[in-house]
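Structure first, commentary second.
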Amino acid sequence: MGKEEIEESSRTVGSLKRCTTGGSGGSTRWVDGSEVDTESPTWSLFGDEEIRQGYRSVRRRLVKKPKRVDSFDVEAMEISVAHATHHKKEASLLSTLALAFQTLGVVYGDMGTSPLYVFSDVFSKVPITSEVDVLGALSIVLYTIALLPLMKYVFIVLKANDNGEGGTFALYSLICRYANVNLLPNRQPADEHISSFKLKLPTPELERSLNIKEVLERKSSLKTLVLLFVLMGTSMIIGDGILTPAISVMSAVSGLHGRIPGFGTNALVITSIIILGALFSIQRYGSSKVGFTFAPALGLWFFSLGSIGVYNLLKHDVTVLRALNPAYIYLFFKKNSINGWSALGGCVLCITGAEAMFADLGHFSVKSIQIAFTSVVFPCLFLAYFGQAAYLMKYPNSSGRIFYDSVPGGLFWPVFGIATVAAIIASQAMISASFSCVKQAMALGCFPRLKIIHTSKRHIGQIYIPVINWFLMLMCMLVVAAFKSTTNIANAYGIAEVGVMLVSTTLVTVVMLLIWQINLFLALLFPLIFGTIELIYMSAVLSKILEGGWLPLVFASWFLCVMYIWNYGSVLKYQSEVKQKISMEFMHELGSSLGTVRVPGIGLLYNELVQGIPSIFAQFLLDLPAIHSVIVFVCIKYVPVPVVPREERFLFRRVGPKDYHMFRCVARYGYKDVRKEDHHAFEQLLVDSLEKFLRKEALHLALESNLNQPDLDSISVKSRDESEIQDGDGMEELKIPLMHDQRLEITGAPTSEASLALPASVMSIDEDPSLEYELSALREATESGFTYLLGHGDVRAKKQSWFIKKLSINYFYAFMRKNCRGGAATMRVPHMNIIQVGMTYMV
């Protein structure tokens, strides 16, 4: 299918034009440039030559399109102006420090527990035979922490946030706002008026940014590639949710080796599985209850790391500070060659959980995460590794149990208890991150619909997904039982960590070029430095594929297939609906009765189209003996922003002539939004918004009729005849020649609400008989109740399709649709008021 057949977002032209249409009396209406046919005669406030030049330049490239004037924009324009004047207050220093303390328990648990297993894994590949081995490994670890978490994430990646939200999908959402790379063609001009839909002002690098934008939008292969990168990163994070609890808990419990007689490998595995079972069983109570002591416990853990590090450094060998000289990295590789390169797979474990700084940004702030890392996490980790290296300089045979052996004898059991709690907290952080990733993927149409339980009334990000929780628990237990040691799990762990970092480096580079519009040399320096380091680490961890590295690749591949097939099937279904939507000519032939009996009541027909009448509506007309007096086509749409304010949620447009009483409502949600509205509250909010829309429509119609006087100004505007056939999308444009902000911008009048006041000669909207009739009909329909009309779509591949497509759609996608949550549960509609019909889509 061609792009023109499914594209629903209109492109606008900077200057207003008038198009002469057919029909009685040569009536005219105000339209934007997207509706003007290239062969139609046009005229404007400016000369024809200026119009042609302006039209070509705007059609050629635009970063931020002008506002399209239609009924969808009635509320969006006013609200966006109100929000534009509202600036978020800077958080106080005290609140920022409090947030920084809280990040210790949520963000840095995984990275904080890495001293439990880093050196033990490194020196399992490189035996300690001289001080170069210890100092070289220490130098690699120190510079890895300084370059990747500190330089890359703290100072660069955190700035690439999406209105305070971080993570792979946040980067994808950010890119989708600036370049229309979403494979689902449901973008509307009105979405740009959402207060959180910010666009960057032009810079000297605008030309390059526009070129990148055009290439991304023009080539569908690049859109698919960007999506695959995002899904790959998300799959790796979910894989981390499996491996992090396994390696963290086993590392903590392994301290009992040698302390309790007879505590062998089997006891280690059983104890770890019991702790994991308890950890996943309490997830349903919510992270706010489970994690009440997270921050104090991790604060105590980091204090222990730093204190023990200083103790070992001063007692055993303070000369390990020489490792700050990067020359020891060269000496390390010169001495150990291939074995040294293999040991990099253990060194990379020192930055496990670094991506959590960006993924969990939505719960905190950039400053709080930066303060916590630079003032607590970074120095404590440095001291911990310095201390362990100092101990190894004196006791090189202790590398297998370096952490617990370096703990002073009298402090073993307190430190063991703190380490176990810290390991559980690190696991909790990645489990919560997995839940968040799955929810964001569901919101952007990349994951099957699952049950989501919101565990906190105050924090919208705290959720629990039962299916994912039990899946992660089962996989964690299988990993522990199969690998039986932290060294084997570490071989698998590194691939997932480095894979996520490579994805974030690629996406942030795109953000730099497309959105930040910084100097090309600086933008390419970012992937050149950090991408090179990550590729070196990736080459090292990939060498461990046969020793356990295959596990994260299997997990990531499985999740990647699930998400891509779901997205692929959803896009094909949407495209099929767009092709099969009902024409307005057919609706005109049916008449206002729609070819059946209209009975009092409001029918809410849920569908995915943002424009046009869905084909499932014809199935309802055929199957039902009567149809409701008021029909509202409801589209639940997720836009690429974190949160859509409640007052900006609904957009309305009239469908067909007035006596049809049909409307379209687009309910917009961000990927972080929580849909917990009670259906009674939703119904009342919808009716109130619809009534407000009808009044605004009548107001602007009255304004247009008043402007239709030739002596008012030099512009003659005529209303379109009611019987005239609507535009091809089946949507009647609200007859507003100029909204108040555009009109006043041209005439130079002050932009105040008073300027919208109607002259005394114009009938008040409260006295408009057609409005009163429509409002009374709406109230009567409301009293009769609401009915939810849902379509159950069966998606099948066409007979001439390729075998892979038939396999993906007819079996895998069909299986997921059959076993995921149904429309009634997903749409939050009451089960007692549902009418559902089936329909098959051939894609």
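So you can find residues: chains in the structure tokens are A, B, ... in the order shown, residues in each start at 1, and ligands are numbered from 1 in order.
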Just want the 9 Å neighbourhood of Asp133 of chain A, counted on only C-alpha atoms, with same-chain residues fewer than 4 positions away dropped. Output as a VMD selection string.
chain A and resid 123 126 to 129 137 to 138 328 331 to 332 335 to 336 340
Per-residue nearest contacts segment 407-492 of chain A to segment 238-256 of chain A, cut-off 12 Å, using only C-alpha atoms, as CSV:
residue,atom,partner,partner_atom,distance
A:Val407,CA,A:Gly255,CA,10.8
A:Phe412,CA,A:Gly255,CA,9.0
A:Trp413,CA,A:Gly255,CA,9.5
A:Pro414,CA,A:Gly255,CA,11.9
A:Val415,CA,A:Ala252,CA,9.9
A:Phe416,CA,A:Gly255,CA,7.0
A:Gly417,CA,A:Ala252,CA,8.7
A:Ile418,CA,A:Ala252,CA,9.2
A:Ala419,CA,A:Ala252,CA,5.8
A:Thr420,CA,A:Ala252,CA,5.1
A:Val421,CA,A:Ala252,CA,8.7
A:Ala422,CA,A:Ser248,CA,8.5
A:Ala423,CA,A:Ser248,CA,4.9
A:Ile424,CA,A:Val249,CA,6.5
A:Ile425,CA,A:Pro245,CA,9.1
A:Ala426,CA,A:Ser248,CA,7.2
A:Ser427,CA,A:Pro245,CA,4.4
A:Gln428,CA,A:Pro245,CA,7.7
A:Ala429,CA,A:Gly241,CA,8.6
A:Met430,CA,A:Gly241,CA,5.0
A:Ile431,CA,A:Gly241,CA,5.2
A:Ser432,CA,A:Gly241,CA,8.4
A:Ala433,CA,A:Gly241,CA,7.6
A:Ser434,CA,A:Ile238,CA,5.1
A:Phe435,CA,A:Ile238,CA,8.4
A:Ser436,CA,A:Ile238,CA,9.8
A:Cys437,CA,A:Ile238,CA,7.6
A:Val438,CA,A:Ile238,CA,8.3
A:Lys439,CA,A:Ile238,CA,11.8
A:Ala441,CA,A:Ile238,CA,11.5
A:Ile468,CA,A:Ile238,CA,9.5
A:Asn469,CA,A:Gly241,CA,9.7
A:Trp470,CA,A:Ile242,CA,10.9
A:Phe471,CA,A:Ile242,CA,9.0
A:Leu472,CA,A:Ile242,CA,5.6
A:Met473,CA,A:Ile242,CA,7.6
A:Leu474,CA,A:Ile242,CA,9.0
A:Met475,CA,A:Ile242,CA,6.4
A:Cys476,CA,A:Ile242,CA,5.3
A:Met477,CA,A:Ala246,CA,7.5
A:Leu478,CA,A:Ala246,CA,9.4
A:Val479,CA,A:Ala246,CA,7.0
A:Val480,CA,A:Ala246,CA,6.0
A:Ala481,CA,A:Ala246,CA,9.8
A:Ala482,CA,A:Ala246,CA,11.1
A:Phe483,CA,A:Ala246,CA,9.9
A:Lys484,CA,A:Met250,CA,8.6
A:Ser485,CA,A:Met250,CA,7.5
A:Thr486,CA,A:Ile247,CA,5.7
A:Thr487,CA,A:Ile247,CA,8.8
A:Asn488,CA,A:Ile247,CA,9.4
A:Ile489,CA,A:Ile247,CA,6.3
A:Ala490,CA,A:Ile247,CA,7.2
A:Asn491,CA,A:Leu243,CA,10.6
A:Ala492,CA,A:Leu243,CA,7.9
Selected residues written out, C-alpha atoms, as a compact mmCIF listing (two decimals), in the first residue's frame:
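Written out: again.txt:
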# COMPACT_ATOMS: atom_id res chain seq x y z
CA VAL A 407 35.99 -7.43 55.13
CA PHE A 412 31.47 -10.09 58.41
CA TRP A 413 27.90 -10.83 59.53
CA PRO A 414 26.70 -7.19 59.57
CA VAL A 415 28.22 -6.64 56.12
CA PHE A 416 26.74 -9.93 54.88
CA GLY A 417 23.27 -8.81 56.00
CA ILE A 418 23.65 -5.40 54.36
CA ALA A 419 24.98 -7.03 51.16
CA THR A 420 21.99 -9.37 50.98
CA VAL A 421 19.56 -6.48 51.42
CA ALA A 422 21.48 -4.44 48.81
CA ALA A 423 21.33 -7.35 46.34
CA ILE A 424 17.56 -7.62 46.81
CA ILE A 425 17.23 -3.86 46.30
CA ALA A 426 19.32 -4.02 43.12
CA SER A 427 17.02 -6.77 41.88
CA GLN A 428 13.95 -4.71 42.74
CA ALA A 429 15.22 -1.79 40.68
CA MET A 430 15.58 -3.87 37.50
CA ILE A 431 12.25 -5.64 38.05
CA SER A 432 10.51 -2.26 38.30
CA ALA A 433 12.38 -1.06 35.21
CA SER A 434 11.14 -4.14 33.31
CA PHE A 435 7.54 -3.33 34.30
CA SER A 436 7.97 0.27 33.10
CA CYS A 437 9.50 -0.81 29.78
CA VAL A 438 6.66 -3.23 29.08
CA LYS A 439 4.04 -0.58 29.90
CA ALA A 441 5.94 -0.66 24.84
CA ILE A 468 5.76 -10.37 33.50
CA ASN A 469 6.48 -10.79 37.21
CA TRP A 470 5.90 -14.56 37.25
CA PHE A 471 7.75 -14.97 33.94
CA LEU A 472 10.80 -13.14 35.34
CA MET A 473 10.66 -15.24 38.53
CA LEU A 474 10.55 -18.51 36.61
CA MET A 475 13.40 -17.48 34.32
CA CYS A 476 15.55 -16.28 37.27
CA MET A 477 15.11 -19.60 39.06
CA LEU A 478 15.97 -21.54 35.92
CA VAL A 479 19.11 -19.43 35.39
CA VAL A 480 20.28 -19.99 38.97
CA ALA A 481 19.57 -23.72 38.81
CA ALA A 482 21.28 -24.13 35.41
CA PHE A 483 24.42 -21.98 35.87
CA LYS A 484 25.03 -22.56 39.62
CA SER A 485 27.78 -19.91 39.85
CA THR A 486 28.09 -16.17 39.50
CA THR A 487 31.02 -16.52 37.09
CA ASN A 488 28.88 -18.31 34.51
CA ILE A 489 26.01 -15.84 34.94
CA ALA A 490 28.48 -12.94 34.59
CA ASN A 491 29.40 -14.21 31.11
CA ALA A 492 25.75 -13.77 30.13
For Val571 of chain A, find every residue with an atom within 12 Å (counting only C-alpha atoms), except residues of its own chain fewer than 3 positions away, and show them as a list in words.
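Non-adjacent residues within range: Met1, Ile6, Asn182, Leu183, Leu184, Pro185, Asn186, Thr224, Leu444, Gly445, Cys446, Tyr564, Ile565, Trp566, Asn567, Tyr568, Tyr574, Gln575, Ser576, Glu577, Val578, Glu608, Leu609, Val795, Ile809, Tyr813 and Val843 of chain A.
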9 Å contact set for Met232 of chain A, only C-alpha atoms, chain neighbours under 6 positions out, as JSON, numbers by chain:
{"A": [499, 500, 503, 556, 557, 559, 560]}
Using only C-alpha atoms, determine which residues lie at most 6 Å from segment 342-358 of chain A, disregarding the query and same-chain residues fewer than 3 positions distant; provide the list as a PyMOL selection string.
chain A and resi 107+110-111+114+118+121-122+125+141+149+158+166-167+339+361+540-541
Go ahead and write the selection's residues with N, CA and C atoms as a short mmCIF file (atom, residue, chain, number, x, y, z; two decimals), in the first residue's frame.
data_model
loop_
_atom_site.label_atom_id
_atom_site.label_comp_id
_atom_site.auth_asym_id
_atom_site.auth_seq_id
_atom_site.Cartn_x
_atom_site.Cartn_y
_atom_site.Cartn_z
N VAL A 107 17.96 3.84 41.89
CA VAL A 107 18.75 3.93 40.67
C VAL A 107 20.07 3.16 40.78
N ASP A 110 21.92 -1.61 41.54
CA ASP A 110 22.64 -2.58 40.70
C ASP A 110 24.12 -2.24 40.61
N MET A 111 24.45 -0.98 40.33
CA MET A 111 25.85 -0.59 40.24
C MET A 111 26.54 -0.69 41.59
N SER A 114 27.99 -4.20 42.39
CA SER A 114 28.98 -4.77 41.47
C SER A 114 30.30 -5.14 42.15
N VAL A 118 32.98 -8.27 40.61
CA VAL A 118 33.79 -7.80 39.47
C VAL A 118 35.18 -8.44 39.46
N ASP A 121 35.42 -12.21 38.96
CA ASP A 121 35.22 -12.65 37.58
C ASP A 121 36.43 -12.30 36.72
N VAL A 122 37.01 -11.12 36.92
CA VAL A 122 38.17 -10.70 36.12
C VAL A 122 39.33 -11.67 36.31
N LYS A 125 39.78 -15.20 34.74
CA LYS A 125 40.34 -15.30 33.38
C LYS A 125 41.84 -14.99 33.36
N VAL A 141 38.96 -0.72 35.37
CA VAL A 141 37.68 -0.54 36.08
C VAL A 141 37.45 0.94 36.40
N PRO A 149 29.56 5.72 32.96
CA PRO A 149 28.51 6.29 33.80
C PRO A 149 28.65 7.79 34.04
N LEU A 158 21.69 12.13 30.16
CA LEU A 158 20.60 12.61 31.00
C LEU A 158 19.94 13.86 30.42
N GLY A 166 13.04 9.34 30.93
CA GLY A 166 14.21 8.74 30.31
C GLY A 166 13.93 7.33 29.86
N GLY A 167 14.92 6.72 29.24
CA GLY A 167 14.79 5.36 28.77
C GLY A 167 14.75 5.27 27.25
N ASN A 339 44.15 -13.20 26.93
CA ASN A 339 43.49 -13.38 28.23
C ASN A 339 43.06 -12.04 28.82
N LEU A 361 14.76 8.05 35.24
CA LEU A 361 14.80 9.51 35.38
C LEU A 361 13.42 10.09 35.67
N ALA A 540 34.52 -8.34 23.55
CA ALA A 540 35.02 -9.20 24.62
C ALA A 540 33.92 -10.11 25.18
N VAL A 541 32.73 -9.54 25.40
CA VAL A 541 31.67 -10.36 26.01
C VAL A 541 31.08 -11.34 25.00
#
Excluding same-chain residues fewer than 2 positions from Ile402 of chain A, what lies within 9 Å of it counting only C-alpha atoms, as a list in words?
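Within the cut-off, the hits are Leu116, Tyr117, Phe119, Ser120, Gln388, Tyr391, Leu392, Asn397, Ser398, Ser399, Gly400, Tyr404, Asp405, Ser406 and Val407 of chain A.
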